[in-house]
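Student: Got protein_29.pdb for you, PDB, C-alpha atoms and all ligand atoms:
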```pdb
ATOM      1  CA  MET K   1     -10.847  -0.090  18.853  1.00  0.00           C
ATOM      2  CA  ILE K   2      -8.262  -2.259  17.128  1.00  0.00           C
ATOM      3  CA  PRO K   3      -9.753  -5.549  15.839  1.00  0.00           C
ATOM      4  CA  PRO K   4      -8.788  -8.537  18.034  1.00  0.00           C
ATOM      5  CA  PHE K   5      -7.083 -10.270  15.069  1.00  0.00           C
ATOM      6  CA  PHE K   6      -4.149  -7.835  15.407  1.00  0.00           C
ATOM      7  CA  ARG K   7      -1.455  -7.740  18.127  1.00  0.00           C
ATOM      8  CA  VAL K   8       0.314  -4.382  18.024  1.00  0.00           C
ATOM      9  CA  GLN K   9       3.963  -4.011  19.108  1.00  0.00           C
ATOM     10  CA  VAL K  10       5.083  -0.396  19.491  1.00  0.00           C
ATOM     11  CA  LEU K  11       8.666   0.790  18.959  1.00  0.00           C
ATOM     12  CA  GLU K  12       9.967   4.330  19.498  1.00  0.00           C
ATOM     13  CA  GLU K  13      12.553   3.865  16.756  1.00  0.00           C
ATOM     14  CA  THR K  14      13.773   1.119  14.454  1.00  0.00           C
ATOM     15  CA  THR K  15      15.600   0.722  11.169  1.00  0.00           C
ATOM     16  CA  SER K  16      12.621  -0.618   9.207  1.00  0.00           C
ATOM     17  CA  THR K  17       9.456  -2.271  10.501  1.00  0.00           C
ATOM     18  CA  ASN K  18       9.521  -4.580   7.454  1.00  0.00           C
ATOM     19  CA  GLU K  19      12.981  -5.813   8.454  1.00  0.00           C
ATOM     20  CA  ASP K  20      11.804  -6.345  12.057  1.00  0.00           C
ATOM     21  CA  MET K  21       8.767  -8.239  10.807  1.00  0.00           C
ATOM     22  CA  LYS K  22      10.788 -10.540   8.557  1.00  0.00           C
ATOM     23  CA  LYS K  23      12.869 -11.503  11.614  1.00  0.00           C
ATOM     24  CA  ALA K  24       9.716 -12.061  13.688  1.00  0.00           C
ATOM     25  CA  ALA K  25       8.262 -14.205  10.891  1.00  0.00           C
ATOM     26  CA  ALA K  26      11.458 -16.282  10.708  1.00  0.00           C
ATOM     27  CA  SER K  27      11.208 -16.961  14.430  1.00  0.00           C
ATOM     28  CA  GLY K  28       7.698 -18.377  13.961  1.00  0.00           C
ATOM     29  CA  GLU K  29       5.306 -15.499  14.796  1.00  0.00           C
ATOM     30  CA  VAL K  30       1.728 -16.260  13.787  1.00  0.00           C
ATOM     31  CA  GLU K  31      -0.286 -13.987  11.518  1.00  0.00           C
ATOM     32  CA  GLY K  32      -1.813 -10.806  12.894  1.00  0.00           C
ATOM     33  CA  LEU K  33       1.354  -9.339  14.401  1.00  0.00           C
ATOM     34  CA  VAL K  34       1.632  -5.594  13.739  1.00  0.00           C
ATOM     35  CA  ILE K  35       4.884  -3.706  14.299  1.00  0.00           C
ATOM     36  CA  TRP K  36       4.374   0.027  14.589  1.00  0.00           C
ATOM     37  CA  ALA K  37       7.365   2.378  14.889  1.00  0.00           C
ATOM     38  CA  LYS K  38       7.240   6.092  15.695  1.00  0.00           C
ATOM     39  CA  ARG K  39      10.183   6.679  13.340  1.00  0.00           C
ATOM     40  CA  GLN K  40      12.525   4.642  11.137  1.00  0.00           C
ATOM     41  CA  THR K  41      16.214   5.193  10.456  1.00  0.00           C
ATOM     42  CA  ALA K  42      16.321   3.071   7.273  1.00  0.00           C
ATOM     43  CA  GLY K  43      12.751   3.061   5.942  1.00  0.00           C
ATOM     44  CA  LYS K  44      12.457   1.166   2.663  1.00  0.00           C
ATOM     45  CA  GLY K  45      10.339   2.117  -0.340  1.00  0.00           C
ATOM     46  CA  ARG K  46       9.456   0.193  -3.483  1.00  0.00           C
ATOM     47  CA  GLN K  47      12.152  -0.731  -5.968  1.00  0.00           C
ATOM     48  CA  GLY K  48      15.024  -0.192  -3.543  1.00  0.00           C
ATOM     49  CA  ARG K  49      14.132   3.418  -2.788  1.00  0.00           C
ATOM     50  CA  VAL K  50      14.390   5.118   0.616  1.00  0.00           C
ATOM     51  CA  TRP K  51      11.196   5.951   2.559  1.00  0.00           C
ATOM     52  CA  ASP K  52      11.700   9.130   4.585  1.00  0.00           C
ATOM     53  CA  SER K  53      10.558   8.276   8.115  1.00  0.00           C
ATOM     54  CA  PRO K  54      10.618  11.218  10.560  1.00  0.00           C
ATOM     55  CA  GLN K  55       8.536  11.306  13.751  1.00  0.00           C
ATOM     56  CA  GLY K  56       4.896  12.245  13.132  1.00  0.00           C
ATOM     57  CA  ASN K  57       3.885   9.742  10.435  1.00  0.00           C
ATOM     58  CA  LEU K  58       2.632   6.159  10.517  1.00  0.00           C
ATOM     59  CA  TYR K  59       5.133   3.345   9.853  1.00  0.00           C
ATOM     60  CA  VAL K  60       3.643  -0.079  10.274  1.00  0.00           C
ATOM     61  CA  SER K  61       4.165  -3.666   9.101  1.00  0.00           C
ATOM     62  CA  LEU K  62       1.650  -6.510   9.245  1.00  0.00           C
ATOM     63  CA  LEU K  63       2.358 -10.231   9.163  1.00  0.00           C
ATOM     64  CA  LEU K  64       0.022 -12.525   7.246  1.00  0.00           C
ATOM     65  CA  ARG K  65       0.314 -16.256   6.615  1.00  0.00           C
ATOM     66  CA  PRO K  66      -1.814 -16.497   3.444  1.00  0.00           C
ATOM     67  CA  SER K  67      -2.839 -19.843   2.053  1.00  0.00           C
ATOM     68  CA  CYS K  68      -2.762 -18.619  -1.569  1.00  0.00           C
ATOM     69  CA  ALA K  69      -0.217 -19.310  -4.302  1.00  0.00           C
ATOM     70  CA  ALA K  70       2.891 -17.107  -4.478  1.00  0.00           C
ATOM     71  CA  ARG K  71       1.699 -15.498  -7.754  1.00  0.00           C
ATOM     72  CA  ASP K  72      -1.397 -14.126  -5.952  1.00  0.00           C
ATOM     73  CA  LEU K  73       0.447 -12.439  -3.064  1.00  0.00           C
ATOM     74  CA  GLY K  74       0.718  -9.184  -5.037  1.00  0.00           C
ATOM     75  CA  LEU K  75      -3.075  -8.863  -4.931  1.00  0.00           C
ATOM     76  CA  TYR K  76      -2.764  -7.961  -1.242  1.00  0.00           C
ATOM     77  CA  SER K  77      -1.322  -4.625  -2.373  1.00  0.00           C
ATOM     78  CA  PHE K  78      -4.775  -3.653  -3.712  1.00  0.00           C
ATOM     79  CA  VAL K  79      -6.418  -4.876  -0.480  1.00  0.00           C
ATOM     80  CA  THR K  80      -3.984  -2.669   1.451  1.00  0.00           C
ATOM     81  CA  ALA K  81      -4.389   0.401  -0.759  1.00  0.00           C
ATOM     82  CA  LEU K  82      -8.177   0.175  -0.397  1.00  0.00           C
ATOM     83  CA  ALA K  83      -7.831   0.005   3.392  1.00  0.00           C
ATOM     84  CA  VAL K  84      -5.537   3.062   3.417  1.00  0.00           C
ATOM     85  CA  GLN K  85      -7.959   4.917   1.171  1.00  0.00           C
ATOM     86  CA  GLU K  86     -10.890   4.093   3.428  1.00  0.00           C
ATOM     87  CA  ALA K  87      -8.982   5.150   6.552  1.00  0.00           C
ATOM     88  CA  ILE K  88      -8.023   8.468   4.971  1.00  0.00           C
ATOM     89  CA  GLN K  89     -11.571   9.023   3.764  1.00  0.00           C
ATOM     90  CA  LYS K  90     -12.794   8.563   7.338  1.00  0.00           C
ATOM     91  CA  LEU K  91     -10.235  10.980   8.801  1.00  0.00           C
ATOM     92  CA  ALA K  92     -10.099  13.572   6.018  1.00  0.00           C
ATOM     93  CA  GLU K  93     -13.676  14.204   5.103  1.00  0.00           C
ATOM     94  CA  GLY K  94     -14.106  15.946   1.762  1.00  0.00           C
ATOM     95  CA  ALA K  95     -10.515  15.319   0.610  1.00  0.00           C
ATOM     96  CA  ASP K  96      -9.947  14.401  -3.028  1.00  0.00           C
ATOM     97  CA  ILE K  97      -8.631  10.833  -2.695  1.00  0.00           C
ATOM     98  CA  LYS K  98      -7.608   8.605  -5.583  1.00  0.00           C
ATOM     99  CA  LEU K  99      -5.734   5.327  -6.022  1.00  0.00           C
ATOM    100  CA  LYS K 100      -2.695   5.107  -8.273  1.00  0.00           C
ATOM    101  CA  TRP K 101      -1.506   1.750  -9.584  1.00  0.00           C
ATOM    102  CA  PRO K 102      -0.206  -0.404  -8.069  1.00  0.00           C
ATOM    103  CA  ASN K 103      -0.763   0.627  -4.438  1.00  0.00           C
ATOM    104  CA  ASP K 104      -0.368   4.361  -3.848  1.00  0.00           C
ATOM    105  CA  VAL K 105      -3.009   6.614  -2.357  1.00  0.00           C
ATOM    106  CA  LEU K 106      -3.165  10.184  -3.673  1.00  0.00           C
ATOM    107  CA  VAL K 107      -4.737  13.191  -1.993  1.00  0.00           C
ATOM    108  CA  SER K 108      -5.127  16.255  -4.231  1.00  0.00           C
ATOM    109  CA  ASP K 109      -3.083  14.287  -6.796  1.00  0.00           C
ATOM    110  CA  LYS K 110      -0.089  13.954  -4.448  1.00  0.00           C
ATOM    111  CA  LYS K 111       1.174  10.780  -2.828  1.00  0.00           C
ATOM    112  CA  ILE K 112       0.180  10.428   0.841  1.00  0.00           C
ATOM    113  CA  SER K 113       1.064   6.780   1.435  1.00  0.00           C
ATOM    114  CA  GLY K 114       3.045   3.858   0.133  1.00  0.00           C
ATOM    115  CA  VAL K 115       2.883   0.081   0.474  1.00  0.00           C
ATOM    116  CA  LEU K 116       5.796  -2.342   0.354  1.00  0.00           C
ATOM    117  CA  LEU K 117       5.011  -6.070   0.190  1.00  0.00           C
ATOM    118  CA  GLU K 118       7.712  -8.613   0.973  1.00  0.00           C
ATOM    119  CA  SER K 119       6.971 -12.304   0.401  1.00  0.00           C
ATOM    120  CA  ILE K 120       8.387 -15.064   2.546  1.00  0.00           C
ATOM    121  CA  LEU K 121       8.760 -18.237   0.481  1.00  0.00           C
ATOM    122  CA  GLY K 122      10.043 -21.661   1.484  1.00  0.00           C
ATOM    123  CA  ALA K 123      12.787 -23.504  -0.375  1.00  0.00           C
ATOM    124  CA  ASP K 124      10.054 -25.251  -2.406  1.00  0.00           C
ATOM    125  CA  GLY K 125       8.588 -21.854  -3.448  1.00  0.00           C
ATOM    126  CA  LYS K 126       5.562 -22.298  -1.176  1.00  0.00           C
ATOM    127  CA  VAL K 127       4.163 -19.236   0.616  1.00  0.00           C
ATOM    128  CA  GLU K 128       5.229 -19.070   4.256  1.00  0.00           C
ATOM    129  CA  GLY K 129       4.233 -15.508   4.903  1.00  0.00           C
ATOM    130  CA  LEU K 130       3.686 -11.999   3.677  1.00  0.00           C
ATOM    131  CA  VAL K 131       4.957  -8.780   5.239  1.00  0.00           C
ATOM    132  CA  ILE K 132       2.866  -5.744   4.360  1.00  0.00           C
ATOM    133  CA  GLY K 133       4.615  -2.462   5.124  1.00  0.00           C
ATOM    134  CA  VAL K 134       2.568   0.720   5.084  1.00  0.00           C
ATOM    135  CA  GLY K 135       3.668   4.318   5.441  1.00  0.00           C
ATOM    136  CA  ILE K 136       1.095   7.097   5.760  1.00  0.00           C
ATOM    137  CA  ASN K 137       2.148  10.754   5.856  1.00  0.00           C
ATOM    138  CA  VAL K 138       0.225  12.168   8.794  1.00  0.00           C
ATOM    139  CA  ALA K 139       2.205  15.266   9.818  1.00  0.00           C
ATOM    140  CA  GLU K 140       5.253  15.315   7.509  1.00  0.00           C
ATOM    141  CA  HIS K 141       6.006  14.772   3.844  1.00  0.00           C
ATOM    142  CA  PRO K 142       9.236  14.835   1.864  1.00  0.00           C
ATOM    143  CA  GLU K 143       9.829  17.659  -0.622  1.00  0.00           C
ATOM    144  CA  LYS K 144      12.060  16.136  -3.265  1.00  0.00           C
ATOM    145  CA  THR K 145      10.439  12.920  -4.366  1.00  0.00           C
ATOM    146  CA  LEU K 146       9.947  11.076  -7.625  1.00  0.00           C
ATOM    147  CA  TYR K 147       6.211  11.759  -7.288  1.00  0.00           C
ATOM    148  CA  PRO K 148       4.938  14.912  -5.458  1.00  0.00           C
ATOM    149  CA  ALA K 149       4.025  14.095  -1.841  1.00  0.00           C
ATOM    150  CA  THR K 150       1.613  15.449   0.748  1.00  0.00           C
ATOM    151  CA  SER K 151       0.431  14.694   4.296  1.00  0.00           C
ATOM    152  CA  LEU K 152      -2.858  14.878   6.162  1.00  0.00           C
ATOM    153  CA  ARG K 153      -1.564  17.992   7.928  1.00  0.00           C
ATOM    154  CA  ALA K 154      -0.572  19.678   4.652  1.00  0.00           C
ATOM    155  CA  GLU K 155      -4.108  19.005   3.386  1.00  0.00           C
ATOM    156  CA  GLY K 156      -5.598  20.700   6.456  1.00  0.00           C
ATOM    157  CA  PHE K 157      -6.301  17.651   8.640  1.00  0.00           C
ATOM    158  CA  GLU K 158      -4.592  17.454  12.072  1.00  0.00           C
ATOM    159  CA  ARG K 159      -4.832  13.820  13.106  1.00  0.00           C
ATOM    160  CA  ASP K 160      -3.213  11.541  15.692  1.00  0.00           C
ATOM    161  CA  VAL K 161      -1.108   8.721  14.297  1.00  0.00           C
ATOM    162  CA  GLU K 162      -2.939   6.302  16.657  1.00  0.00           C
ATOM    163  CA  ASP K 163      -6.266   7.206  15.049  1.00  0.00           C
ATOM    164  CA  VAL K 164      -4.842   6.652  11.567  1.00  0.00           C
ATOM    165  CA  LEU K 165      -3.502   3.241  12.632  1.00  0.00           C
ATOM    166  CA  GLU K 166      -6.820   2.235  14.146  1.00  0.00           C
ATOM    167  CA  ALA K 167      -8.820   3.327  11.092  1.00  0.00           C
ATOM    168  CA  PHE K 168      -6.375   1.530   8.801  1.00  0.00           C
ATOM    169  CA  LEU K 169      -6.396  -1.762  10.751  1.00  0.00           C
ATOM    170  CA  ASN K 170     -10.196  -1.774  10.902  1.00  0.00           C
ATOM    171  CA  ALA K 171     -10.503  -1.219   7.162  1.00  0.00           C
ATOM    172  CA  PHE K 172      -7.716  -3.709   6.427  1.00  0.00           C
ATOM    173  CA  GLY K 173      -9.387  -6.393   8.534  1.00  0.00           C
ATOM    174  CA  GLU K 174     -12.606  -5.979   6.508  1.00  0.00           C
ATOM    175  CA  TRP K 175     -10.939  -5.988   3.075  1.00  0.00           C
ATOM    176  CA  LYS K 176      -8.703  -8.939   3.990  1.00  0.00           C
ATOM    177  CA  MET K 177     -11.806 -10.912   4.926  1.00  0.00           C
ATOM    178  CA  THR K 178     -13.579  -9.957   1.683  1.00  0.00           C
ATOM    179  CA  PHE K 179     -10.541 -10.915  -0.404  1.00  0.00           C
ATOM    180  CA  GLU K 180      -9.950 -14.239   1.333  1.00  0.00           C
ATOM    181  CA  ARG K 181     -13.646 -15.174   1.211  1.00  0.00           C
ATOM    182  CA  ASP K 182     -14.770 -13.805  -2.184  1.00  0.00           C
ATOM    183  CA  GLY K 183     -11.531 -13.493  -4.169  1.00  0.00           C
ATOM    184  CA  PHE K 184     -10.047 -10.584  -6.096  1.00  0.00           C
ATOM    185  CA  ARG K 185     -13.204  -9.610  -8.027  1.00  0.00           C
ATOM    186  CA  PRO K 186     -14.833  -7.349  -5.344  1.00  0.00           C
ATOM    187  CA  VAL K 187     -11.436  -5.873  -4.448  1.00  0.00           C
ATOM    188  CA  ARG K 188     -10.716  -5.110  -8.103  1.00  0.00           C
ATOM    189  CA  ARG K 189     -14.157  -3.529  -8.566  1.00  0.00           C
ATOM    190  CA  ALA K 190     -13.749  -1.306  -5.474  1.00  0.00           C
ATOM    191  CA  TRP K 191     -10.180  -0.369  -6.424  1.00  0.00           C
ATOM    192  CA  LEU K 192     -11.220   0.578  -9.992  1.00  0.00           C
ATOM    193  CA  ALA K 193     -14.043   2.768  -8.651  1.00  0.00           C
ATOM    194  CA  GLU K 194     -11.456   4.923  -6.849  1.00  0.00           C
ATOM    195  CA  ALA K 195      -8.650   4.765  -9.423  1.00  0.00           C
ATOM    196  CA  ARG K 196      -6.992   7.804 -10.968  1.00  0.00           C
ATOM    197  CA  GLY K 197      -7.395   7.275 -14.708  1.00  0.00           C
ATOM    198  CA  GLY K 198      -6.512   9.263 -17.805  1.00  0.00           C
ATOM    199  CA  GLU K 199      -3.312   9.719 -19.775  1.00  0.00           C
ATOM    200  CA  MET K 200      -0.234   8.308 -18.118  1.00  0.00           C
ATOM    201  CA  THR K 201       3.426   7.530 -18.527  1.00  0.00           C
ATOM    202  CA  VAL K 202       4.674   4.304 -16.990  1.00  0.00           C
ATOM    203  CA  ARG K 203       8.349   4.050 -16.155  1.00  0.00           C
ATOM    204  CA  LEU K 204       9.315   0.428 -16.579  1.00  0.00           C
ATOM    205  CA  PRO K 205      12.391  -1.386 -15.290  1.00  0.00           C
ATOM    206  CA  LYS K 206      13.655  -0.766 -18.859  1.00  0.00           C
ATOM    207  CA  GLY K 207      12.305   2.283 -20.711  1.00  0.00           C
ATOM    208  CA  GLN K 208       8.839   3.797 -20.504  1.00  0.00           C
ATOM    209  CA  GLU K 209       5.386   3.575 -22.108  1.00  0.00           C
ATOM    210  CA  ASN K 210       2.743   6.235 -22.704  1.00  0.00           C
ATOM    211  CA  GLY K 211      -0.965   5.586 -22.970  1.00  0.00           C
ATOM    212  CA  THR K 212      -4.370   5.776 -21.357  1.00  0.00           C
ATOM    213  CA  PHE K 213      -5.427   3.909 -18.241  1.00  0.00           C
ATOM    214  CA  ALA K 214      -7.678   1.001 -19.273  1.00  0.00           C
ATOM    215  CA  GLY K 215      -8.015  -0.744 -15.897  1.00  0.00           C
ATOM    216  CA  ILE K 216      -6.354  -3.668 -14.158  1.00  0.00           C
ATOM    217  CA  ASP K 217      -6.767  -7.315 -15.047  1.00  0.00           C
ATOM    218  CA  ASP K 218      -7.650 -10.225 -12.775  1.00  0.00           C
ATOM    219  CA  ARG K 219      -3.971 -10.591 -11.850  1.00  0.00           C
ATOM    220  CA  GLY K 220      -3.632  -6.952 -10.849  1.00  0.00           C
ATOM    221  CA  ARG K 221      -1.647  -5.993 -13.939  1.00  0.00           C
ATOM    222  CA  LEU K 222      -2.037  -2.448 -15.248  1.00  0.00           C
ATOM    223  CA  ILE K 223      -3.733  -2.268 -18.649  1.00  0.00           C
ATOM    224  CA  LEU K 224      -2.351   0.605 -20.713  1.00  0.00           C
ATOM    225  CA  ARG K 225      -3.992   1.508 -24.039  1.00  0.00           C
ATOM    226  CA  ALA K 226      -1.722   2.989 -26.696  1.00  0.00           C
ATOM    227  CA  VAL K 227      -2.938   5.526 -29.320  1.00  0.00           C
ATOM    228  CA  ASP K 228      -3.262   2.729 -31.906  1.00  0.00           C
ATOM    229  CA  GLY K 229      -5.723   0.963 -29.557  1.00  0.00           C
ATOM    230  CA  SER K 230      -3.368  -1.861 -28.631  1.00  0.00           C
ATOM    231  CA  GLU K 231      -3.206  -2.856 -24.983  1.00  0.00           C
ATOM    232  CA  ARG K 232      -0.145  -3.551 -22.895  1.00  0.00           C
ATOM    233  CA  PHE K 233      -0.282  -5.492 -19.616  1.00  0.00           C
ATOM    234  CA  ILE K 234       2.263  -4.229 -17.099  1.00  0.00           C
ATOM    235  CA  ASP K 235       3.533  -6.093 -14.015  1.00  0.00           C
ATOM    236  CA  THR K 236       6.008  -3.591 -12.584  1.00  0.00           C
ATOM    237  CA  GLY K 237       6.419   0.145 -13.050  1.00  0.00           C
ATOM    238  CA  ASP K 238       5.877   3.656 -11.739  1.00  0.00           C
ATOM    239  CA  VAL K 239       2.924   5.659 -13.004  1.00  0.00           C
ATOM    240  CA  PHE K 240       3.058   9.416 -13.702  1.00  0.00           C
ATOM    241  CA  PHE K 241       0.158  11.555 -14.893  1.00  0.00           C
TER     242      PHE K 241
HETATM  243  C1  LIG S 301       6.648   3.033  -1.506  1.00  0.00           C
HETATM  244  O1  LIG S 301       7.778   3.176  -2.004  1.00  0.00           O
HETATM  245  O2  LIG S 301       5.677   3.649  -1.948  1.00  0.00           O
HETATM  246  C2  LIG S 301       6.444   2.084  -0.364  1.00  0.00           C
HETATM  247  C3  LIG S 301       6.786   2.688   0.967  1.00  0.00           C
HETATM  248  C4  LIG S 301       6.568   1.760   2.144  1.00  0.00           C
HETATM  249  C5  LIG S 301       7.014   2.363   3.450  1.00  0.00           C
HETATM  250  C6  LIG S 301       6.657   1.537   4.645  1.00  0.00           C
HETATM  251  S1  LIG S 301       6.883   2.386   6.183  1.00  0.00           S
HETATM  252  C7  LIG S 301       6.635   0.916   7.069  1.00  0.00           C
HETATM  253  C8  LIG S 301       7.337  -0.186   6.304  1.00  0.00           C
HETATM  254  N1  LIG S 301       8.731  -0.260   6.706  1.00  0.00           N
HETATM  255  C9  LIG S 301       9.567   0.064   5.695  1.00  0.00           C
HETATM  256  O3  LIG S 301      10.801   0.092   5.762  1.00  0.00           O
HETATM  257  N2  LIG S 301       8.848   0.367   4.597  1.00  0.00           N
HETATM  258  C10 LIG S 301       7.420   0.223   4.824  1.00  0.00           C
END
```
Go ahead and render the structure in this file as structure tokens.
Ligand code: BTN
Tutor:
Amino acid sequence: MIPPFFRVQVLEETTSTNEDMKKAAASGEVEGLVIWAKRQTAGKGRQGRVWDSPQGNLYVSLLLRPSCAARDLGLYSFVTALAVQEAIQKLAEGADIKLKWPNDVLVSDKKISGVLLESILGADGKVEGLVIGVGINVAEHPEKTLYPATSLRAEGFERDVEDVLEAFLNAFGEWKMTFERDGFRPVRRAWLAEARGGEMTVRLPKGQENGTFAGIDDRGRLILRAVDGSERFIDTGDVFF
């Protein structure tokens, strides 16, 4: 069952569920709206990339109206990644699932899902809404990607997209409640327990950094430890192992 907080709108095809949701938000929709499309013709990924969106996978956007400050909106990406991880764990028993900063879920060290947050801010910079876009590879995955990709099917799990959506919304509802009631601390702890650590290269908007994963701070920034022991706090980047 889908938790009563959510109202799901289903589309056979759209350009991007995030774009649809931003329009819905602008016309005054209240939080809890979920737009689910069977395929997208212009799916958007992080940092201006394209998100391949053929039939067979989950493409969904959620509308929240958080009461937090704009600088804390990014923390919802960890809430979302944990919910995706939990949903996959439920549907792919025994799979090797890890979280990759900031909000990817890996199965067998390959990317199975992505999260794209888009903030809606008023002219005064106050938070008016948050669109959380989630793609989960259920039956298909792209071949030529920045980071190797996989799907539930490729990992040996035949699942219905509806079941993935239901598992995700249930887990998301729980983690959202925890975050909004108890703050980032329990989310951070749970995220760190599932994180893929070790040596990594982080591609930054300008250049790259190498080091060892040393956690995330209370603002969700990646902590990267260099060989000389110094620590760098990173806001934006792509992690490679
Ligand atoms: C990433 O680059 O990892 C983020 C991918 C986010 C894709 C989802 S699919 C549903 C929603 N609509 C979009 O256009 N993008 C997000």
Student: Restricting the calculation to only C-alpha atoms, which member of K:Ser108, K:Ser119, K:Gln85, K:Gln47 is positioned closest to Ala149 of chain K?
Tutor: K:Ser108
Student: Padding of 4 Å on every side, edges along x, y and z, all listed atoms of segment 176-184 of chain K included: what centre and edge lengths in Å, to one decimal, does that box have, as JSON?
Tutor:
```
{"center_x": -11.7, "center_y": -12.1, "center_z": -0.6, "size_x": 14.1, "size_y": 14.2, "size_z": 19.0}
```
Student: Using all atoms listed in the file, can you tell me which of K:Val107, K:Ala81, K:Leu11, K:Val115 comes closest to Trp51 of chain K?
Tutor: K:Val115
Student: Would you list the residues that come within 7 Å of ligand LIG 301 (chain S)? Count all atoms listed in the file and give the answer as a VMD selection string.
Tutor: chain K and resid 16 to 19 42 to 46 49 51 59 to 61 104 113 to 116 133 to 135
Student: For the selection you just gave me, I'd like the residues written to a file as a PDB file, in the coordinates of the input, keeping C-alpha atoms.
Tutor:
```pdb
ATOM      1  CA  SER K  16      12.621  -0.618   9.207  1.00  0.00           C
ATOM      2  CA  THR K  17       9.456  -2.271  10.501  1.00  0.00           C
ATOM      3  CA  ASN K  18       9.521  -4.580   7.454  1.00  0.00           C
ATOM      4  CA  GLU K  19      12.981  -5.813   8.454  1.00  0.00           C
ATOM      5  CA  ALA K  42      16.321   3.071   7.273  1.00  0.00           C
ATOM      6  CA  GLY K  43      12.751   3.061   5.942  1.00  0.00           C
ATOM      7  CA  LYS K  44      12.457   1.166   2.663  1.00  0.00           C
ATOM      8  CA  GLY K  45      10.339   2.117  -0.340  1.00  0.00           C
ATOM      9  CA  ARG K  46       9.456   0.193  -3.483  1.00  0.00           C
ATOM     10  CA  ARG K  49      14.132   3.418  -2.788  1.00  0.00           C
ATOM     11  CA  TRP K  51      11.196   5.951   2.559  1.00  0.00           C
ATOM     12  CA  TYR K  59       5.133   3.345   9.853  1.00  0.00           C
ATOM     13  CA  VAL K  60       3.643  -0.079  10.274  1.00  0.00           C
ATOM     14  CA  SER K  61       4.165  -3.666   9.101  1.00  0.00           C
ATOM     15  CA  ASP K 104      -0.368   4.361  -3.848  1.00  0.00           C
ATOM     16  CA  SER K 113       1.064   6.780   1.435  1.00  0.00           C
ATOM     17  CA  GLY K 114       3.045   3.858   0.133  1.00  0.00           C
ATOM     18  CA  VAL K 115       2.883   0.081   0.474  1.00  0.00           C
ATOM     19  CA  LEU K 116       5.796  -2.342   0.354  1.00  0.00           C
ATOM     20  CA  GLY K 133       4.615  -2.462   5.124  1.00  0.00           C
ATOM     21  CA  VAL K 134       2.568   0.720   5.084  1.00  0.00           C
ATOM     22  CA  GLY K 135       3.668   4.318   5.441  1.00  0.00           C
TER      23      GLY K 135
END
```
Student: Might you spell out which residues the PyMOL selection byres (((chain K and resi 160-163) around 9) and not hetatm) would select in the displayed file, as a list of chain:residue names?
Tutor: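 Those residues are K:Lys38, K:Gly56, K:Asn57, K:Leu58, K:Leu91, K:Ile136, K:Val138, K:Ala139, K:Glu158, K:Arg159, K:Val164, K:Leu165, K:Glu166, K:Ala167, K:Phe168.
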Student: Hey, what's within 6 Å of segment 30-35 of chain K if we count only C-alpha atoms and toss same-chain stuff fewer than 2 positions away? As an MDAnalysis selection string, please?
Tutor: chainID K and resid 5:9 60:65
Student: So that I can see what lies close to segment 96-101 of chain K, please list as a ChimeraX atom specification the residues with an atom at most 10 Å from it, counting only C-alpha atoms and leaving out residues fewer than 3 positions away in the same chain.
Tutor: /K:77-78,81-82,84-86,88-89,92-93,104-112,155,191-197,202,213,215-216,220-222,236-241
Student: Dump C-alpha atoms for the selected residues as a JSON list (two decimals), in the coordinates of the input?
Tutor:
```json
[["chain", "number", "residue", "atom", "x", "y", "z"],
["K", 77, "SER", "CA", -1.32, -4.62, -2.37],
["K", 78, "PHE", "CA", -4.78, -3.65, -3.71],
["K", 81, "ALA", "CA", -4.39, 0.40, -0.76],
["K", 82, "LEU", "CA", -8.18, 0.18, -0.40],
["K", 84, "VAL", "CA", -5.54, 3.06, 3.42],
["K", 85, "GLN", "CA", -7.96, 4.92, 1.17],
["K", 86, "GLU", "CA", -10.89, 4.09, 3.43],
["K", 88, "ILE", "CA", -8.02, 8.47, 4.97],
["K", 89, "GLN", "CA", -11.57, 9.02, 3.76],
["K", 92, "ALA", "CA", -10.10, 13.57, 6.02],
["K", 93, "GLU", "CA", -13.68, 14.20, 5.10],
["K", 104, "ASP", "CA", -0.37, 4.36, -3.85],
["K", 105, "VAL", "CA", -3.01, 6.61, -2.36],
["K", 106, "LEU", "CA", -3.16, 10.18, -3.67],
["K", 107, "VAL", "CA", -4.74, 13.19, -1.99],
["K", 108, "SER", "CA", -5.13, 16.26, -4.23],
["K", 109, "ASP", "CA", -3.08, 14.29, -6.80],
["K", 110, "LYS", "CA", -0.09, 13.95, -4.45],
["K", 111, "LYS", "CA", 1.17, 10.78, -2.83],
["K", 112, "ILE", "CA", 0.18, 10.43, 0.84],
["K", 155, "GLU", "CA", -4.11, 19.00, 3.39],
["K", 191, "TRP", "CA", -10.18, -0.37, -6.42],
["K", 192, "LEU", "CA", -11.22, 0.58, -9.99],
["K", 193, "ALA", "CA", -14.04, 2.77, -8.65],
["K", 194, "GLU", "CA", -11.46, 4.92, -6.85],
["K", 195, "ALA", "CA", -8.65, 4.76, -9.42],
["K", 196, "ARG", "CA", -6.99, 7.80, -10.97],
["K", 197, "GLY", "CA", -7.40, 7.28, -14.71],
["K", 202, "VAL", "CA", 4.67, 4.30, -16.99],
["K", 213, "PHE", "CA", -5.43, 3.91, -18.24],
["K", 215, "GLY", "CA", -8.02, -0.74, -15.90],
["K", 216, "ILE", "CA", -6.35, -3.67, -14.16],
["K", 220, "GLY", "CA", -3.63, -6.95, -10.85],
["K", 221, "ARG", "CA", -1.65, -5.99, -13.94],
["K", 222, "LEU", "CA", -2.04, -2.45, -15.25],
["K", 236, "THR", "CA", 6.01, -3.59, -12.58],
["K", 237, "GLY", "CA", 6.42, 0.14, -13.05],
["K", 238, "ASP", "CA", 5.88, 3.66, -11.74],
["K", 239, "VAL", "CA", 2.92, 5.66, -13.00],
["K", 240, "PHE", "CA", 3.06, 9.42, -13.70],
["K", 241, "PHE", "CA", 0.16, 11.56, -14.89]]
```
Student: Find the distance between atom CA of Ser27 of chain K and atom CA of Glu13 of chain K and write it in Å to one decimal.
Tutor: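 It comes out at 21.0 Å.
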